[in-house]
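Structure file upload25.txt; described as compact mmCIF, N, CA and C atoms.
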# COMPACT_ATOMS: atom_id res chain seq x y z
N MET A 28 192.99 288.75 162.97
CA MET A 28 193.04 287.36 163.35
C MET A 28 192.67 286.50 162.13
N THR A 29 193.41 285.45 161.92
CA THR A 29 193.17 284.55 160.80
C THR A 29 192.14 283.50 161.19
N LYS A 30 191.20 283.31 160.32
CA LYS A 30 190.21 282.26 160.55
C LYS A 30 190.66 281.00 159.82
N ILE A 31 190.60 279.91 160.51
CA ILE A 31 190.95 278.62 159.92
C ILE A 31 189.68 277.82 159.78
N MET A 32 189.47 277.32 158.59
CA MET A 32 188.27 276.56 158.32
C MET A 32 188.66 275.13 157.97
N GLU A 33 187.99 274.20 158.58
CA GLU A 33 188.22 272.80 158.25
C GLU A 33 187.09 272.35 157.34
N LEU A 34 187.45 271.87 156.18
CA LEU A 34 186.46 271.40 155.23
C LEU A 34 186.36 269.89 155.32
N TRP A 35 185.16 269.40 155.30
CA TRP A 35 184.93 267.96 155.34
C TRP A 35 183.83 267.65 154.33
N HIS A 36 184.21 267.00 153.28
CA HIS A 36 183.28 266.71 152.20
C HIS A 36 182.65 265.34 152.41
N GLU A 37 181.34 265.33 152.49
CA GLU A 37 180.63 264.05 152.57
C GLU A 37 180.21 263.67 151.15
N GLU A 38 180.51 262.48 150.76
CA GLU A 38 180.06 262.02 149.46
C GLU A 38 179.44 260.65 149.61
N SER A 39 178.51 260.37 148.75
CA SER A 39 177.84 259.08 148.84
C SER A 39 178.78 258.00 148.29
N LEU A 40 178.64 256.84 148.86
CA LEU A 40 179.46 255.71 148.45
C LEU A 40 178.80 254.95 147.32
N CYS A 41 179.62 254.46 146.45
CA CYS A 41 179.14 253.54 145.42
C CYS A 41 179.55 252.15 145.89
N MET A 42 178.55 251.32 146.08
CA MET A 42 178.83 249.96 146.52
C MET A 42 177.93 249.00 145.76
N ASP A 43 178.49 247.86 145.39
CA ASP A 43 177.73 246.82 144.72
C ASP A 43 177.45 245.72 145.75
N PRO A 44 176.28 245.79 146.40
CA PRO A 44 175.99 244.81 147.46
C PRO A 44 175.91 243.38 146.94
N GLU A 45 175.68 243.22 145.64
CA GLU A 45 175.62 241.87 145.06
C GLU A 45 176.96 241.16 145.18
N ARG A 46 178.05 241.91 145.10
CA ARG A 46 179.38 241.30 145.22
C ARG A 46 179.56 240.72 146.62
N LEU A 47 179.19 241.52 147.62
CA LEU A 47 179.31 241.06 149.01
C LEU A 47 178.39 239.87 149.25
N ALA A 48 177.18 239.95 148.74
CA ALA A 48 176.23 238.83 148.89
C ALA A 48 176.77 237.59 148.19
N GLY A 49 177.41 237.78 147.05
CA GLY A 49 177.97 236.65 146.31
C GLY A 49 179.03 235.90 147.10
N ILE A 50 179.78 236.64 147.91
CA ILE A 50 180.80 236.00 148.76
C ILE A 50 180.12 235.07 149.76
N TYR A 51 179.00 235.55 150.33
CA TYR A 51 178.27 234.73 151.30
C TYR A 51 177.67 233.49 150.63
N VAL A 52 177.13 233.66 149.44
CA VAL A 52 176.53 232.53 148.72
C VAL A 52 177.60 231.51 148.36
N GLU A 53 178.72 232.01 147.86
CA GLU A 53 179.79 231.13 147.40
C GLU A 53 180.48 230.38 148.54
N MET A 54 180.70 231.07 149.67
CA MET A 54 181.51 230.49 150.74
C MET A 54 180.73 230.02 151.95
N GLY A 55 179.50 230.44 152.08
CA GLY A 55 178.76 230.15 153.29
C GLY A 55 179.04 231.25 154.31
N GLU A 56 178.11 231.41 155.23
CA GLU A 56 178.17 232.54 156.16
C GLU A 56 179.43 232.58 157.02
N SER A 57 179.78 231.47 157.62
CA SER A 57 180.92 231.45 158.53
C SER A 57 182.22 231.79 157.83
N ARG A 58 182.47 231.12 156.72
CA ARG A 58 183.72 231.37 155.98
C ARG A 58 183.73 232.77 155.38
N ALA A 59 182.58 233.23 154.87
CA ALA A 59 182.50 234.56 154.28
C ALA A 59 182.83 235.63 155.32
N LYS A 60 182.30 235.47 156.53
CA LYS A 60 182.60 236.45 157.58
C LYS A 60 184.10 236.51 157.87
N THR A 61 184.74 235.36 157.89
CA THR A 61 186.18 235.30 158.13
C THR A 61 186.95 235.98 157.00
N VAL A 62 186.57 235.68 155.76
CA VAL A 62 187.25 236.25 154.60
C VAL A 62 187.05 237.76 154.55
N ILE A 63 185.83 238.21 154.79
CA ILE A 63 185.53 239.65 154.73
C ILE A 63 186.23 240.38 155.87
N ALA A 64 186.28 239.77 157.05
CA ALA A 64 186.99 240.39 158.17
C ALA A 64 188.47 240.54 157.83
N GLY A 65 189.05 239.52 157.22
CA GLY A 65 190.45 239.59 156.81
C GLY A 65 190.68 240.66 155.76
N ALA A 66 189.75 240.76 154.81
CA ALA A 66 189.88 241.77 153.76
C ALA A 66 189.76 243.18 154.32
N THR A 67 188.85 243.39 155.26
CA THR A 67 188.72 244.73 155.84
C THR A 67 189.96 245.09 156.66
N GLU A 68 190.54 244.11 157.31
CA GLU A 68 191.80 244.36 158.03
C GLU A 68 192.91 244.76 157.06
N GLU A 69 192.99 244.04 155.94
CA GLU A 69 193.99 244.36 154.92
C GLU A 69 193.77 245.75 154.34
N LEU A 70 192.51 246.11 154.12
CA LEU A 70 192.21 247.46 153.63
C LEU A 70 192.72 248.52 154.60
N ALA A 71 192.45 248.31 155.87
CA ALA A 71 192.90 249.28 156.89
C ALA A 71 194.43 249.36 156.93
N LEU A 72 195.10 248.22 156.82
CA LEU A 72 196.56 248.21 156.84
C LEU A 72 197.15 248.92 155.61
N GLU A 73 196.58 248.66 154.44
CA GLU A 73 197.07 249.32 153.23
C GLU A 73 196.83 250.82 153.29
N MET A 74 195.71 251.22 153.87
CA MET A 74 195.42 252.64 154.01
C MET A 74 196.46 253.29 154.92
N GLU A 75 196.79 252.65 156.02
CA GLU A 75 197.81 253.19 156.93
C GLU A 75 199.18 253.22 156.25
N ARG A 76 199.45 252.21 155.46
CA ARG A 76 200.72 252.16 154.72
C ARG A 76 200.80 253.35 153.74
N LEU A 77 199.71 253.63 153.04
CA LEU A 77 199.69 254.76 152.11
C LEU A 77 199.94 256.08 152.84
N LYS A 78 199.29 256.26 153.97
CA LYS A 78 199.48 257.50 154.73
C LYS A 78 200.92 257.62 155.21
N GLY A 79 201.50 256.50 155.62
CA GLY A 79 202.90 256.51 156.06
C GLY A 79 203.85 256.84 154.93
N LEU A 80 203.59 256.28 153.74
CA LEU A 80 204.43 256.58 152.58
C LEU A 80 204.35 258.06 152.22
N MET A 81 203.17 258.63 152.31
CA MET A 81 203.00 260.05 152.00
C MET A 81 203.77 260.91 153.00
N LEU A 82 203.63 260.59 154.27
CA LEU A 82 204.33 261.35 155.31
C LEU A 82 205.84 261.23 155.19
N ALA A 83 206.30 260.06 154.80
CA ALA A 83 207.74 259.82 154.68
C ALA A 83 208.32 260.36 153.37
N GLY A 84 207.43 260.82 152.48
CA GLY A 84 207.90 261.36 151.21
C GLY A 84 208.38 260.30 150.24
N HIS A 85 207.66 259.18 150.17
CA HIS A 85 208.02 258.08 149.27
C HIS A 85 206.92 257.85 148.23
N PRO A 86 206.70 258.80 147.33
CA PRO A 86 205.61 258.65 146.37
C PRO A 86 205.79 257.50 145.38
N ARG A 87 207.01 257.09 145.13
CA ARG A 87 207.24 256.03 144.15
C ARG A 87 206.70 254.68 144.61
N ALA A 88 206.56 254.50 145.92
CA ALA A 88 206.01 253.25 146.45
C ALA A 88 204.49 253.28 146.52
N MET A 89 203.89 254.44 146.34
CA MET A 89 202.45 254.57 146.52
C MET A 89 201.60 253.91 145.43
N PRO A 90 201.99 253.95 144.15
CA PRO A 90 201.12 253.30 143.16
C PRO A 90 200.89 251.82 143.43
N GLN A 91 201.93 251.11 143.79
CA GLN A 91 201.79 249.68 144.06
C GLN A 91 200.88 249.44 145.28
N THR A 92 201.06 250.23 146.31
CA THR A 92 200.24 250.08 147.52
C THR A 92 198.79 250.45 147.24
N ALA A 93 198.58 251.53 146.49
CA ALA A 93 197.21 251.93 146.13
C ALA A 93 196.53 250.85 145.30
N ARG A 94 197.27 250.22 144.42
CA ARG A 94 196.68 249.15 143.59
C ARG A 94 196.39 247.90 144.42
N ARG A 95 197.18 247.64 145.44
CA ARG A 95 196.85 246.53 146.35
C ARG A 95 195.54 246.82 147.07
N LEU A 96 195.38 248.06 147.53
CA LEU A 96 194.14 248.46 148.18
C LEU A 96 192.96 248.30 147.21
N ARG A 97 193.15 248.75 145.97
CA ARG A 97 192.11 248.62 144.93
C ARG A 97 191.74 247.15 144.74
N ASP A 98 192.75 246.27 144.69
CA ASP A 98 192.51 244.86 144.44
C ASP A 98 191.80 244.16 145.60
N ILE A 99 191.90 244.72 146.78
CA ILE A 99 191.17 244.19 147.94
C ILE A 99 189.74 244.71 147.92
N ALA A 100 189.55 245.97 147.59
CA ALA A 100 188.23 246.61 147.63
C ALA A 100 187.31 246.11 146.51
N GLU A 101 187.88 245.85 145.35
CA GLU A 101 187.07 245.51 144.17
C GLU A 101 186.20 244.26 144.37
N PRO A 102 186.74 243.13 144.86
CA PRO A 102 185.88 241.95 145.04
C PRO A 102 184.79 242.14 146.10
N LEU A 103 184.99 243.09 147.00
CA LEU A 103 183.99 243.36 148.03
C LEU A 103 182.87 244.27 147.50
N GLY A 104 183.03 244.76 146.27
CA GLY A 104 182.01 245.62 145.69
C GLY A 104 182.11 247.07 146.13
N LEU A 105 183.27 247.48 146.64
CA LEU A 105 183.47 248.85 147.11
C LEU A 105 183.93 249.71 145.94
N CYS A 106 182.98 250.08 145.09
CA CYS A 106 183.27 250.76 143.82
C CYS A 106 183.98 252.10 144.02
N SER A 107 183.50 252.91 144.96
CA SER A 107 184.12 254.22 145.19
C SER A 107 185.57 254.06 145.62
N LEU A 108 185.78 253.17 146.55
CA LEU A 108 187.13 252.94 147.07
C LEU A 108 188.04 252.40 145.97
N THR A 109 187.52 251.51 145.15
CA THR A 109 188.29 250.95 144.05
C THR A 109 188.73 252.05 143.08
N GLN A 110 187.80 252.93 142.71
CA GLN A 110 188.10 253.98 141.74
C GLN A 110 189.09 255.00 142.29
N VAL A 111 188.90 255.42 143.52
CA VAL A 111 189.79 256.45 144.08
C VAL A 111 191.18 255.87 144.36
N ALA A 112 191.27 254.61 144.71
CA ALA A 112 192.58 253.97 144.88
C ALA A 112 193.33 253.96 143.56
N GLU A 113 192.63 253.69 142.47
CA GLU A 113 193.26 253.72 141.15
C GLU A 113 193.66 255.15 140.78
N ASP A 114 192.81 256.12 141.13
CA ASP A 114 193.16 257.53 140.88
C ASP A 114 194.45 257.90 141.62
N LEU A 115 194.58 257.42 142.86
CA LEU A 115 195.79 257.71 143.63
C LEU A 115 197.00 257.05 142.99
N ALA A 116 196.85 255.82 142.54
CA ALA A 116 197.97 255.12 141.90
C ALA A 116 198.46 255.89 140.67
N LYS A 117 197.53 256.36 139.85
CA LYS A 117 197.90 257.11 138.65
C LYS A 117 198.55 258.44 139.00
N THR A 118 197.99 259.12 139.99
CA THR A 118 198.53 260.43 140.37
C THR A 118 199.87 260.30 141.06
N ALA A 119 200.04 259.27 141.87
CA ALA A 119 201.31 259.07 142.57
C ALA A 119 202.45 258.84 141.57
N ALA A 120 202.12 258.25 140.45
CA ALA A 120 203.14 258.02 139.43
C ALA A 120 203.67 259.35 138.86
N THR A 121 202.88 260.42 138.96
CA THR A 121 203.31 261.74 138.48
C THR A 121 204.08 262.50 139.56
N GLU A 122 204.00 262.02 140.79
CA GLU A 122 204.65 262.63 141.96
C GLU A 122 204.18 264.06 142.22
N ASN A 123 202.95 264.37 141.85
CA ASN A 123 202.33 265.66 142.16
C ASN A 123 201.82 265.57 143.59
N ARG A 124 202.60 266.08 144.52
CA ARG A 124 202.32 265.90 145.95
C ARG A 124 201.03 266.56 146.41
N VAL A 125 200.68 267.69 145.82
CA VAL A 125 199.45 268.37 146.22
C VAL A 125 198.25 267.51 145.81
N ALA A 126 198.25 267.05 144.57
CA ALA A 126 197.16 266.19 144.10
C ALA A 126 197.12 264.89 144.89
N MET A 127 198.29 264.32 145.15
CA MET A 127 198.35 263.07 145.92
C MET A 127 197.74 263.26 147.31
N ALA A 128 198.06 264.37 147.96
CA ALA A 128 197.53 264.62 149.30
C ALA A 128 196.01 264.75 149.27
N ALA A 129 195.49 265.44 148.26
CA ALA A 129 194.04 265.60 148.15
C ALA A 129 193.36 264.26 147.90
N ILE A 130 193.92 263.47 147.01
CA ILE A 130 193.31 262.17 146.69
C ILE A 130 193.44 261.22 147.88
N LEU A 131 194.57 261.27 148.56
CA LEU A 131 194.76 260.42 149.74
C LEU A 131 193.76 260.78 150.83
N ALA A 132 193.49 262.07 151.03
CA ALA A 132 192.49 262.49 152.02
C ALA A 132 191.11 261.95 151.63
N ARG A 133 190.78 262.04 150.35
CA ARG A 133 189.50 261.51 149.87
C ARG A 133 189.45 260.00 150.06
N LEU A 134 190.53 259.32 149.73
CA LEU A 134 190.59 257.87 149.88
C LEU A 134 190.41 257.48 151.34
N ASP A 135 191.02 258.22 152.24
CA ASP A 135 190.90 257.94 153.67
C ASP A 135 189.45 258.08 154.13
N ARG A 136 188.77 259.14 153.69
CA ARG A 136 187.35 259.32 154.05
C ARG A 136 186.51 258.16 153.52
N LEU A 137 186.73 257.81 152.25
CA LEU A 137 185.97 256.73 151.65
C LEU A 137 186.27 255.38 152.30
N ALA A 138 187.52 255.17 152.66
CA ALA A 138 187.89 253.91 153.33
C ALA A 138 187.16 253.80 154.66
N ASN A 139 187.15 254.88 155.43
CA ASN A 139 186.44 254.85 156.71
C ASN A 139 184.96 254.58 156.52
N GLN A 140 184.33 255.25 155.56
CA GLN A 140 182.91 255.04 155.29
C GLN A 140 182.65 253.62 154.79
N SER A 141 183.51 253.14 153.91
CA SER A 141 183.33 251.81 153.32
C SER A 141 183.48 250.72 154.37
N LEU A 142 184.50 250.84 155.21
CA LEU A 142 184.71 249.83 156.25
C LEU A 142 183.54 249.81 157.22
N LYS A 143 183.04 250.99 157.58
CA LYS A 143 181.89 251.05 158.47
C LYS A 143 180.68 250.39 157.82
N MET A 144 180.48 250.64 156.53
CA MET A 144 179.34 250.05 155.82
C MET A 144 179.45 248.52 155.79
N VAL A 145 180.63 248.01 155.51
CA VAL A 145 180.81 246.55 155.46
C VAL A 145 180.56 245.95 156.84
N TRP A 146 181.09 246.59 157.88
CA TRP A 146 180.87 246.07 159.24
C TRP A 146 179.38 246.11 159.60
N ASP A 147 178.70 247.19 159.23
CA ASP A 147 177.26 247.30 159.51
C ASP A 147 176.49 246.22 158.78
N LEU A 148 176.84 245.96 157.52
CA LEU A 148 176.16 244.92 156.76
C LEU A 148 176.40 243.55 157.37
N GLN A 149 177.61 243.32 157.86
CA GLN A 149 177.91 242.03 158.50
C GLN A 149 177.11 241.89 159.78
N ASP A 150 176.97 242.97 160.54
CA ASP A 150 176.19 242.92 161.77
C ASP A 150 174.73 242.60 161.48
N MET A 151 174.21 243.13 160.38
CA MET A 151 172.82 242.88 160.00
C MET A 151 172.61 241.44 159.56
N SER A 152 173.66 240.80 159.04
CA SER A 152 173.50 239.45 158.53
C SER A 152 173.44 238.41 159.64
N GLY A 153 173.76 238.81 160.85
CA GLY A 153 173.61 237.86 161.94
C GLY A 153 174.86 237.69 162.62

Would you kindly transcribe this structure into structure tokens?
Amino acid sequence: MTKIMELWHEESLCMDPERLAGIYVEMGESRAKTVIAGATEELALEMERLKGLMLAGHPRAMPQTARRLRDIAEPLGLCSLTQVAEDLAKTAATENRVAMAAILARLDRLANQSLKMVWDLQDMSG
């Protein structure tokens, strides 16, 4: 009988909370919450778009989408997400599907953790 093992790697997130705080200082609480909510929605949409492109076998469209995700994550201070999105963009340009799948899985884990962290921080702010 073959044993199937599911691996799930937990890694710590790199986040610059000063960036998120800066948004609140610059825009005020109400507007910042709206902007951050919109950005987190965009992150989720870009992540789904990346997964769809991978499933459909369209690696040439992935670098641009990964860089859009990076450009959304960076102002929020989501350092890990920013870096891995850039890694995916570079790897997708080589069309190495095995590497792309591994990086996309990592990006998905980090996106889920990052979005949860941002939502938790917003809940703490009031």

Minimum-distance residue to A:Arg46, chosen among A:Ala59, A:Val125, A:Ala93, A:Leu103 (using all atoms listed in the file):
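Counting all atoms listed in the file, the residue closest to A:Arg46 is A:Leu103.
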
What lies within 7 Å of stretch 42-45 of chain A using only C-alpha atoms, ignoring chain neighbours under 3 positions off, as a list in words?
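Within the cut-off, the hits are Ala48, Gly49, Gly104, Leu105, Cys106 and Ser107 of chain A.
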
Between A:Glu122, A:Ile99, A:Arg87, A:Lys30, single out the one closest to A:Ile63, counting only C-alpha atoms.
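Checking each candidate against A:Ile63, we get A:Ile99 as the closest.
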
Any idea what's packed within 9 Å of stretch 65-76 of chain A, counting only C-alpha atoms, ignoring anything in its chain fewer than 5 positions away? Could you give it as a short mmCIF file (atom, residue, chain, number, x, y, z; two decimals) with N, CA and C atoms, in the frame of the given file?
data_model
loop_
_atom_site.label_atom_id
_atom_site.label_comp_id
_atom_site.auth_asym_id
_atom_site.auth_seq_id
_atom_site.Cartn_x
_atom_site.Cartn_y
_atom_site.Cartn_z
N LYS A 60 182.30 235.47 156.53
CA LYS A 60 182.60 236.45 157.58
C LYS A 60 184.10 236.51 157.87
N MET A 81 203.17 258.63 152.31
CA MET A 81 203.00 260.05 152.00
C MET A 81 203.77 260.91 153.00
N MET A 89 203.89 254.44 146.34
CA MET A 89 202.45 254.57 146.52
C MET A 89 201.60 253.91 145.43
N THR A 92 201.06 250.23 146.31
CA THR A 92 200.24 250.08 147.52
C THR A 92 198.79 250.45 147.24
N ALA A 93 198.58 251.53 146.49
CA ALA A 93 197.21 251.93 146.13
C ALA A 93 196.53 250.85 145.30
N ARG A 95 197.18 247.64 145.44
CA ARG A 95 196.85 246.53 146.35
C ARG A 95 195.54 246.82 147.07
N LEU A 96 195.38 248.06 147.53
CA LEU A 96 194.14 248.46 148.18
C LEU A 96 192.96 248.30 147.21
N ARG A 97 193.15 248.75 145.97
CA ARG A 97 192.11 248.62 144.93
C ARG A 97 191.74 247.15 144.74
N ILE A 99 191.90 244.72 146.78
CA ILE A 99 191.17 244.19 147.94
C ILE A 99 189.74 244.71 147.92
N ALA A 100 189.55 245.97 147.59
CA ALA A 100 188.23 246.61 147.63
C ALA A 100 187.31 246.11 146.51
N LEU A 103 184.99 243.09 147.00
CA LEU A 103 183.99 243.36 148.03
C LEU A 103 182.87 244.27 147.50
N LEU A 131 194.57 261.27 148.56
CA LEU A 131 194.76 260.42 149.74
C LEU A 131 193.76 260.78 150.83
N LEU A 134 190.53 259.32 149.73
CA LEU A 134 190.59 257.87 149.88
C LEU A 134 190.41 257.48 151.34
N ASP A 135 191.02 258.22 152.24
CA ASP A 135 190.90 257.94 153.67
C ASP A 135 189.45 258.08 154.13
N ALA A 138 187.52 255.17 152.66
CA ALA A 138 187.89 253.91 153.33
C ALA A 138 187.16 253.80 154.66
N ASN A 139 187.15 254.88 155.43
CA ASN A 139 186.44 254.85 156.71
C ASN A 139 184.96 254.58 156.52
N LEU A 142 184.50 250.84 155.21
CA LEU A 142 184.71 249.83 156.25
C LEU A 142 183.54 249.81 157.22
N VAL A 145 180.63 248.01 155.51
CA VAL A 145 180.81 246.55 155.46
C VAL A 145 180.56 245.95 156.84
N TRP A 146 181.09 246.59 157.88
CA TRP A 146 180.87 246.07 159.24
C TRP A 146 179.38 246.11 159.60
#

Residues of chain A classed as helix (DSSP H, G or I) by DSSP on the backbone are to be reported as a PyMOL selection string.
chain A and resi 44-54+56-83+86-103+106-121+124-152

So the first atom is atom CA of A:Val111 and the second is atom CA of A:Met127; what is the distance between them in Å, to one decimal place?
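Atom CA of A:Val111 sits 11.0 Å away from atom CA of A:Met127.
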
Just to confirm, what's the straight-line distance from atom CA of A:Lys78 to atom N of A:Ala132 in Å (one decimal)?
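Between atom CA of A:Lys78 and atom N of A:Ala132 the gap works out to 8.4 Å.
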
Using only C-alpha atoms for the distances, tell me which of A:Thr29, A:Lys117, A:Thr109, A:Pro90 is nearest to A:Leu77.
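Nearest to A:Leu77: A:Pro90.
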
For stretch 112-126 of chain A, take all atoms listed in the file, fit an axis-aligned box around them, add 8 Å to each of the six sides, then output centre and edge lengths in Å rounded to one decimal, as lines of an AutoDock Vina configuration file.
center_x = 198.0
center_y = 261.0
center_z = 142.4
size_x = 29.4
size_y = 30.7
size_z = 23.9

Rank A:Lys143, A:Ser57, A:Arg94, A:Glu101 by their smallest atom-to-atom distance to A:Ala120, using only C-alpha atoms, and report the top residue only.
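Looking only at the distances to A:Ala120, the closest residue turns out to be A:Arg94.
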
Distance atom CA of A:Leu115-atom N of A:Thr61, one decimal place?
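Atom-to-atom, atom CA of A:Leu115 and atom N of A:Thr61 are spaced 28.7 Å apart.
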
Of A:Glu56, A:Ala126, A:Ala88, A:Leu108, the one nearest to A:Leu40 when counting all atoms listed in the file is A:Leu108
